[in-house]
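*Asks:* Once you've had a glance at the structure underneath, I'll fire off some questions.
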Amino acid sequence: MEYARRLETGGWHIFQNGASIINLASGKSRSMPFPLAWKTTLIEQARSSGEVLELYSDTAYAVESASELARVHAELLGVPFEPRAFESLTQPAVRAQWVLSRERAREFTSKPHDGLEVAQSTSPLMPDTQFVGMTREGVTKGNAMRLIADEYGIALQDVMYVGDAMNDLSALQVVGHPIAMGNADPAVLKAAERSVGHVDQGGLAEALEIAIAVSGR
């Protein structure tokens, strides 16, 4: 959220795979709560298996695991590593996320999860890890883009979106200017109209330059 404030303190921002949609100036939220039944089930699974589960609200997150995997991910997120009970998350949860090995992620996603949207993503800084994000059914980054475009009164055909993971596909498919990072998943590269450099090589800056050029036409 700190990065969002630096970019635009008075505007709408999307977090949590599209589940958290907040106007930082007014505090207005169009966020969608995570299904309570699934939240209870996932917490039970995490406590039984010892695997890393994270629960996110609009402004905070909770993880009970004190494992090295959980610590490394907290460092990647840029937040203090402070394991705490899931019940201590006082705001409604909007997203849950497993932090798993690639093999365990495949096992998890091969099973049905009625009532949820399940999206996988990776990070070059944790190459052996798969993130499995879960939101309420119907909640995607694409739908969040529609809501924000509506708030601003902007046509989606005039919107640019930059992504690299499978959970970005829904947004890339609804905007007029879909851009893929150079490190993107093959399906993301295919969905984009063009690609920019790797995330670690200034690809986002390149995308911003494209946006400025397009807006000046």
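Identifiers for the structure tokens are assigned positionally: chains receive A, B, ... in sequence, residues are indexed from 1 per chain, and ligands are indexed from 1 in the order shown.
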Find the residues around Gly133 (chain A) up to 9 Å (only C-alpha atoms counted), leave out those fewer than 2 positions away in its own chain, and share them as a list in words.
*Replies:* Gln16, Asn17, Arg95, Ala96, Gln97, Trp98, Val99, Glu117, Val118, Ala119, Gln120, Ser121, Phe131, Thr135 and Asn167 of chain A
*Asks:* Residues at most 8 Å from Lys141 (chain A), counting only C-alpha atoms, excluding those fewer than 5 positions away in the same chain, as a PyMOL selection string?
*Replies:* chain A and resi 14+17-19+167-168+170-171
*Asks:* Tell me, which residues of region 26-210 of chain A carry DSSP alpha helix (DSSP H), written as a ChimeraX atom specification?
*Replies:* /A:36-49,68-77,102-109,141-152,169-172,186-191,203-210
*Asks:* Identify which of the residues A:Asp114, A:Leu169, A:Leu100, A:Ile148 lies closest to Asn23 (chain A), counting only C-alpha atoms when measuring atom-to-atom distances.
*Replies:* A:Ile148
*Asks:* What is the CA of Leu147 (chain A) to CA of Glu54 (chain A) distance in Å?
*Replies:*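 If I compute the distance from CA of Leu147 (chain A) to CA of Glu54 (chain A), I get 25.7 Å.
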*Asks:* Report, in Å to a single decimal, how far apart CA of Trp38 (chain A) and CA of Leu116 (chain A) are.
*Replies:*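 We find that CA of Leu116 (chain A) and CA of Trp38 (chain A) lie 8.4 Å from each other.
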*Asks:* Within 8 Å of Pro35 (chain A), counting only C-alpha atoms, which residues qualify if same-chain residues fewer than 4 places away don't, as number ranges by chain?
*Replies:* A: 39, 115, 136
*Asks:* Those same residues - C-alpha atoms - I'd like them written as a JSON list (two decimals), in the first residue's frame.
*Replies:*
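Everything below was put into again-v8.json:
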[["chain", "number", "residue", "atom", "x", "y", "z"],
["A", 39, "LYS", "CA", -11.82, -19.27, 5.68],
["A", 115, "GLY", "CA", -17.14, -20.70, -4.44],
["A", 136, "ARG", "CA", -14.45, -15.07, -3.51]]
*Asks:* Pull the strand (DSSP E) assignments for region 41-114 of chain A out of DSSP run on the backbone, and list those residues as a PyMOL selection string.
*Replies:* chain A and resi 52-56+61-63+95-101
*Asks:* Write the residues of the selection above to a file with C-alpha atoms, as a compact mmCIF listing (two decimals), in the first residue's frame.
*Replies:*
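Generated output (result19.txt):
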# COMPACT_ATOMS: atom_id res chain seq x y z
CA VAL A 52 2.03 -21.57 5.24
CA LEU A 53 -1.36 -19.89 4.92
CA GLU A 54 -1.74 -16.11 4.83
CA LEU A 55 -4.98 -14.18 5.34
CA TYR A 56 -5.26 -10.62 4.02
CA TYR A 61 -2.29 -9.68 6.91
CA ALA A 62 -1.89 -12.54 9.35
CA VAL A 63 0.25 -15.68 9.18
CA ARG A 95 -8.01 -13.01 0.29
CA ALA A 96 -6.26 -16.16 1.45
CA GLN A 97 -2.97 -17.43 0.08
CA TRP A 98 -0.97 -20.62 0.35
CA VAL A 99 2.83 -20.38 0.08
CA LEU A 100 3.78 -23.83 -1.16
CA SER A 101 6.28 -25.92 -3.07
*Asks:* From the list A:Glu75, A:Glu193, A:Glu137, A:Asp150, which residue is nearest Gly163 (chain A) when using only C-alpha atoms?
*Replies:*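 Among A:Glu75, A:Glu193, A:Glu137, A:Asp150, it is A:Glu193 that comes nearest to Gly163 (chain A).
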*Asks:* Excluding Asp200 (chain A) and residues on its chain fewer than 2 positions from it, collect all residues at most 12 Å away from it, counting only C-alpha atoms, and give them as a ChimeraX atom specification.
*Replies:* /A:123-125,181-184,196-198,202-206
